[in-house]
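**Q** Dumping the structure here so I can ask a few things about it.
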Amino acid sequence: MVLVSIRSATADDLPQLWTLLAGCRPDALVPATLLPEAVARGLVHVAEAEGALVGCAAAEAPSAGHVRLFAVAVRSGMRRQGIGSRLLGELLKRTPSDPAERPMISAAVGVAELEAARFLLAGGFIGTRLLKRGADTEPQIHYQYTLRGEYIDPDARHLVPVVAMEQLVDSLSAPDQAVTALVSLAGEPAFEIARFERGDPASLQSGEAAAGIAFSGSLLAAITFILGFALTSSRFPDDVRLLLIGATFSTLLSLIVYASASGELARIRANSFGKIMKWGNVLSEYGGVLPFLICLPVTYAQVSGNPWTTMVLAVVLGVAILGYERSEFSIARRFRHNRIEAALMVLTAVSPAAGAAVVATGTVTWPWTGALAATLAARTWLYLVRQGPEAGIAEHRRQWQIRA
């Protein structure tokens, strides 16, 4: 089997590229300046075997937010070996990975070009609309690479024969319908048209901000209740009172941040919803939720005076916190992990038992409170300053563009 390598094209490859395109697509006219410009911009990738070019994938960038694929060609005798898919994958991989900066990648293919359509559909493209180029010219289907997940309604799919042009035009006129597959219907080729359930990003983000506000408000009420008990009890350690006051402040701050996210949505100002929500999530988690939970055994120790039940409660709570931190629901799972963060996570999980033991035995609590505050502060700093955006959440929105 011949070894095939993929690399970016250079100006020295242009003669072989013209020959390859002419041999694979003799009817396709590529403007003389288009291919050299695409090579210069790094938008052409070639497959090479034994010193000769056997395939290429070429695109142009008409704007900063759009890349148009205009050629994928593989030399006769080298096809059906996955070379075209590797070339397309390399082209897609070289585009920016940030959803906020990644351009739309599209291609326009004639309705009757079934092999090209099947290739694009298998590569993650969907056909979204029909492009009419004139009365005497075959219309083209606009295919675009899906940048984010879409949901197909399984009960809203239908088949349209390739030759049924009027029905195809009618099907693709709806903005929520697209070509998702090429199938055989009664021995003839047909397009499968599916309806997509498109989520409104603004509505989803608004709901997320509202949920954050409701959560922080409820958490603030719970912490305030415990703080009220701590302030009225003469036996409650002063340093633990300060920890609860800090948790109250942090939770209130997260509430303000979530409200700021709602205001950012309403005004569409800086497109920084993801960054704002990260601050709110981290502050409420490590400044509010965890201090509140860790202080529960300490509060119970003051009320009950029973060291055995206090320690059982503290150990159970510590195990629950560790399990939560390792689950897919925790804020920590949205960020990358290293050994330092793993150690801080363990320290957080053992804090309830350590704090309960200190209070139950009447030992000085300042060292425990200082260690806990330092641990939570370090985790907050790591996630807010040292880490990037939360997994799956872009720092900026792609859906709106702000122009001066």
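Simple scheme: letters A, B, ... for chains in structure tokens order, numbers from 1 for residues in each chain, numbers from 1 for ligands in the order shown.
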Applying 12 Å and only C-alpha atoms, which residues near Val298 (chain A) remain after dropping the ones on its own chain fewer than 4 positions away? List them as a ChimeraX atom specification.

**A** /A:226,229-230,235-237,239-241,243-244,291-294,302-307,309-311,313-314,317,351-362,365,368-369

**Q** Keeping only C-alpha atoms, write the selected residues to a file as a PDB file, in the first residue's frame.

**A**
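And here is the file that came out, again_31.pdb:
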ATOM      1  CA  ILE A 226     -26.539  30.245  59.632  1.00  0.00           C
ATOM      2  CA  PHE A 229     -27.198  31.799  64.527  1.00  0.00           C
ATOM      3  CA  ALA A 230     -23.407  32.197  64.639  1.00  0.00           C
ATOM      4  CA  ARG A 235     -19.868  29.604  71.896  1.00  0.00           C
ATOM      5  CA  PHE A 236     -19.388  30.022  68.149  1.00  0.00           C
ATOM      6  CA  PRO A 237     -15.721  30.642  67.141  1.00  0.00           C
ATOM      7  CA  ASP A 239     -12.974  32.947  62.950  1.00  0.00           C
ATOM      8  CA  VAL A 240     -15.812  30.728  61.708  1.00  0.00           C
ATOM      9  CA  ARG A 241     -18.106  33.756  61.958  1.00  0.00           C
ATOM     10  CA  LEU A 243     -15.686  32.693  57.276  1.00  0.00           C
ATOM     11  CA  LEU A 244     -19.490  32.876  57.081  1.00  0.00           C
ATOM     12  CA  PRO A 291     -18.035  27.365  52.863  1.00  0.00           C
ATOM     13  CA  PHE A 292     -21.716  27.007  53.737  1.00  0.00           C
ATOM     14  CA  LEU A 293     -21.642  23.204  53.537  1.00  0.00           C
ATOM     15  CA  ILE A 294     -18.347  22.894  55.384  1.00  0.00           C
ATOM     16  CA  GLN A 302     -22.176  23.892  68.667  1.00  0.00           C
ATOM     17  CA  VAL A 303     -25.867  22.995  68.899  1.00  0.00           C
ATOM     18  CA  SER A 304     -25.703  19.308  69.809  1.00  0.00           C
ATOM     19  CA  GLY A 305     -22.501  19.037  71.814  1.00  0.00           C
ATOM     20  CA  ASN A 306     -22.305  15.375  70.709  1.00  0.00           C
ATOM     21  CA  PRO A 307     -18.870  14.675  69.196  1.00  0.00           C
ATOM     22  CA  THR A 309     -22.779  12.357  65.691  1.00  0.00           C
ATOM     23  CA  THR A 310     -20.860  15.486  64.730  1.00  0.00           C
ATOM     24  CA  MET A 311     -17.967  13.457  63.295  1.00  0.00           C
ATOM     25  CA  LEU A 313     -22.088  14.030  59.886  1.00  0.00           C
ATOM     26  CA  ALA A 314     -18.757  15.660  58.971  1.00  0.00           C
ATOM     27  CA  LEU A 317     -20.532  15.475  54.222  1.00  0.00           C
ATOM     28  CA  SER A 351     -12.274  20.235  55.706  1.00  0.00           C
ATOM     29  CA  PRO A 352     -15.683  19.302  57.229  1.00  0.00           C
ATOM     30  CA  ALA A 353     -14.190  16.469  59.295  1.00  0.00           C
ATOM     31  CA  ALA A 354     -11.213  18.590  60.331  1.00  0.00           C
ATOM     32  CA  GLY A 355     -13.393  21.514  61.344  1.00  0.00           C
ATOM     33  CA  ALA A 356     -15.836  19.347  63.270  1.00  0.00           C
ATOM     34  CA  ALA A 357     -12.974  17.648  65.108  1.00  0.00           C
ATOM     35  CA  VAL A 358     -11.443  20.978  66.055  1.00  0.00           C
ATOM     36  CA  VAL A 359     -14.716  22.353  67.455  1.00  0.00           C
ATOM     37  CA  ALA A 360     -15.745  19.102  69.166  1.00  0.00           C
ATOM     38  CA  THR A 361     -12.426  18.848  71.018  1.00  0.00           C
ATOM     39  CA  GLY A 362     -12.315  22.513  71.963  1.00  0.00           C
ATOM     40  CA  THR A 365      -9.978  26.885  65.250  1.00  0.00           C
ATOM     41  CA  TRP A 368      -8.319  25.322  60.349  1.00  0.00           C
ATOM     42  CA  THR A 369     -10.237  28.418  59.256  1.00  0.00           C
TER      43      THR A 369
END

**Q** Point out the residue among A:Gly288, A:Gly124, A:Gly65, A:Gly318 with the least atom-to-atom distance to Val350 (chain A), counting only C-alpha atoms.

**A** A:Gly318

**Q** Of the candidates A:Pro103, A:Gly228, A:Gly280, A:Gly89, which one gets nearest to Arg68 (chain A) if we count only C-alpha atoms?

**A**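 Nearest candidate to Arg68 (chain A) out of A:Pro103, A:Gly228, A:Gly280, A:Gly89: A:Pro103.
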
**Q** Which neighbours of Lys278 (chain A) fall inside 12 Å, counting only C-alpha atoms, when residues of the same chain fewer than 4 positions from it are skipped, and could you give them as number ranges by chain?

**A** A: 208-209, 212, 254, 257-258, 261, 272-274, 282-285, 331-332, 334-335, 380, 383-385, 387-396

**Q** As number ranges by chain, please: all residues of region 2-232 of chain A that backbone DSSP puts in strand (DSSP E or B).

**A** A: 5-8, 44-49, 52-63, 66-74, 104-110, 125-131, 140-145, 151-161, 177-185, 188-197
